[in-house]
Structure formats: C-alpha cells, structure tokens
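Presented below is the structure to which this report refers.
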Amino acid sequence: MNKQVLVIAAHPDDEVIGCGGTLARHAAVGDIINIIFLADGESSRSGQQQASIGKRQAMARNAASILGCHEPIFLG
C-alpha cells in the first residue's frame with residue numbers, strides 16, 4: 001500500500017535542501033507526496049518581489065515534478 005507523505009516547508013527550496021533525497025525515495029516506490037509552503041521566501045526582501053516570487057514558485061513546481069511530487073501548495 002502506498003504511503004501519503006506531507007512536507008511542510010517554510011519557503012520554496014527548503015523541501016529539496018532538507019529532504020529532497022527522501023522525497024525521491026518515496027516517489028520511487030509510488031508514495032503520494034504533497035508539499036505545502038508557508039511563506040514565499042521573498043516578500044521580506046526589498047525590490048521586485050512579485051517577479052521573484054513567481055520565479056521561485058516556478059522553480060518549486062519544477063523541482064516537485066522532477067522529484068515525483070504533486071503540485072505544491074503555496075500559502076504565501
């Protein structure tokens with residue numbers, strides 16, 4: 001039976017840095033992986049936040065796809 005895995009990360013890239021290998025291993029055996037990001041990782045910085053947020057989310061979606069995870073959820 002497949003397991004359900006939930007990753008709750010502060011912001012995009014933490015899931016890969018913190019447990020990317022474990023996620024890939026779960027995906028390899030068919031487990032269902034969901035990722036929730038609590039913050040965007042950009043809005044506390046000055047400058048063009050919206051462009052940076054969108055770029056960071058796109059990279060997180062790509063990483064999730066490569067790892068075999070479901071589409072991430074961004075709470076902002």
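Order determines the names: the first chain of the structure tokens is A, the second B, and so forth; residues in each chain are numbered 1 upward, and ligands are numbered 1 upward as they are shown.
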
Mind listing the alpha helix (DSSP H) residues of stretch 1-68 of chain A, per DSSP on the backbone, as a ChimeraX atom specification?
-> /A:14-28,49-67

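Those residues that approach stretch 15-26 of chain A to within 7 Å, counting only C-alpha atoms, are Ala9, Leu67 and Gly68 of chain A; same-chain residues fewer than 6 positions away are not listed.
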
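With distances restricted to only C-alpha atoms, A:Val5 is the closest residue to A:Ile32 from A:Ala51, A:Val5, A:Ile66, A:Ile73.
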
Residue contacts of A:Gly54 (12 Å, only C-alpha atoms) excluding same-chain residues fewer than 2 positions away, as a ChimeraX atom specification | /A:12,40-43,48-52,56-61,74,76

Could you write those residues out with C-alpha atoms, as a JSON list (two decimals), in the first residue's frame?
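Produced file part-v7.json, reproduced below:
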```json
[["chain", "number", "residue", "atom", "x", "y", "z"],
["A", 12, "PRO", "CA", 10.46, 27.08, -1.62],
["A", 40, "ASP", "CA", 7.09, 32.84, -0.33],
["A", 41, "GLY", "CA", 10.69, 33.45, 0.74],
["A", 42, "GLU", "CA", 10.82, 36.84, -0.99],
["A", 43, "SER", "CA", 8.36, 39.34, 0.49],
["A", 48, "GLN", "CA", 10.87, 43.33, -7.32],
["A", 49, "GLN", "CA", 9.10, 40.87, -5.09],
["A", 50, "GLN", "CA", 6.33, 39.70, -7.42],
["A", 51, "ALA", "CA", 8.74, 38.67, -10.17],
["A", 52, "SER", "CA", 10.96, 36.90, -7.66],
["A", 56, "ARG", "CA", 10.67, 30.90, -7.03],
["A", 57, "GLN", "CA", 7.25, 29.22, -7.34],
["A", 58, "ALA", "CA", 8.04, 28.09, -10.89],
["A", 59, "MET", "CA", 11.30, 26.54, -9.71],
["A", 60, "ALA", "CA", 9.50, 24.81, -6.83],
["A", 61, "ARG", "CA", 6.92, 23.37, -9.26],
["A", 74, "PHE", "CA", 1.74, 28.00, -1.78],
["A", 76, "GLY", "CA", 2.27, 32.88, 0.88]]
```

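For the pair atom CA of A:Leu6 and atom CA of A:Asn34, the interatomic distance is 4.9 Å.
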
Could you pull the residues within 7 Å of A:Ala39, counting only C-alpha atoms, minus those fewer than 5 positions along the same chain, as a list of chain:residue names?
-> A:Ala10, A:His11, A:Leu75, A:Gly76

Could you write out, as a PyMOL selection string, all the residues of chain A that DSSP marks as strand (DSSP E or B)?
-> chain A and resi 4-9+32-37+73-74

Selected residues written out with N, CA, C and O atoms, as a short mmCIF file (atom, residue, chain, number, x, y, z; two decimals), in the first residue's frame:
```cif
data_model
loop_
_atom_site.label_atom_id
_atom_site.label_comp_id
_atom_site.auth_asym_id
_atom_site.auth_seq_id
_atom_site.Cartn_x
_atom_site.Cartn_y
_atom_site.Cartn_z
N GLN A 4 1.14 8.13 2.22
CA GLN A 4 0.90 9.56 1.96
C GLN A 4 1.98 10.32 2.72
O GLN A 4 2.16 10.12 3.92
N VAL A 5 2.69 11.19 2.01
CA VAL A 5 3.76 11.98 2.61
C VAL A 5 3.39 13.45 2.50
O VAL A 5 3.00 13.91 1.44
N LEU A 6 3.52 14.18 3.59
CA LEU A 6 3.26 15.61 3.59
C LEU A 6 4.51 16.34 4.07
O LEU A 6 5.03 16.05 5.16
N VAL A 7 4.98 17.27 3.26
CA VAL A 7 6.11 18.11 3.63
C VAL A 7 5.57 19.51 3.86
O VAL A 7 4.90 20.08 3.00
N ILE A 8 5.86 20.07 5.03
CA ILE A 8 5.51 21.45 5.33
C ILE A 8 6.83 22.21 5.44
O ILE A 8 7.63 21.93 6.35
N ALA A 9 7.05 23.13 4.51
CA ALA A 9 8.32 23.86 4.46
C ALA A 9 8.08 25.35 4.61
O ALA A 9 7.03 25.86 4.21
N ILE A 32 2.59 8.86 -2.38
CA ILE A 32 1.96 10.12 -2.78
C ILE A 32 2.55 11.23 -1.92
O ILE A 32 2.47 11.19 -0.69
N ILE A 33 3.14 12.24 -2.59
CA ILE A 33 3.86 13.30 -1.87
C ILE A 33 3.20 14.64 -2.13
O ILE A 33 3.03 15.05 -3.28
N ASN A 34 2.86 15.33 -1.06
CA ASN A 34 2.31 16.68 -1.13
C ASN A 34 3.24 17.63 -0.39
O ASN A 34 3.82 17.27 0.64
N ILE A 35 3.37 18.85 -0.92
CA ILE A 35 4.23 19.85 -0.32
C ILE A 35 3.43 21.13 -0.09
O ILE A 35 2.71 21.58 -0.98
N ILE A 36 3.57 21.70 1.10
CA ILE A 36 2.93 22.97 1.43
C ILE A 36 4.03 23.95 1.84
O ILE A 36 4.86 23.63 2.70
N PHE A 37 4.02 25.12 1.20
CA PHE A 37 4.96 26.18 1.56
C PHE A 37 4.21 27.24 2.35
O PHE A 37 3.19 27.76 1.90
N ILE A 73 1.54 23.44 -2.88
CA ILE A 73 0.57 24.43 -2.43
C ILE A 73 1.35 25.59 -1.81
O ILE A 73 2.21 25.37 -0.96
N PHE A 74 1.05 26.80 -2.25
CA PHE A 74 1.74 28.00 -1.78
C PHE A 74 0.78 28.83 -0.93
O PHE A 74 -0.18 29.38 -1.46
#
```
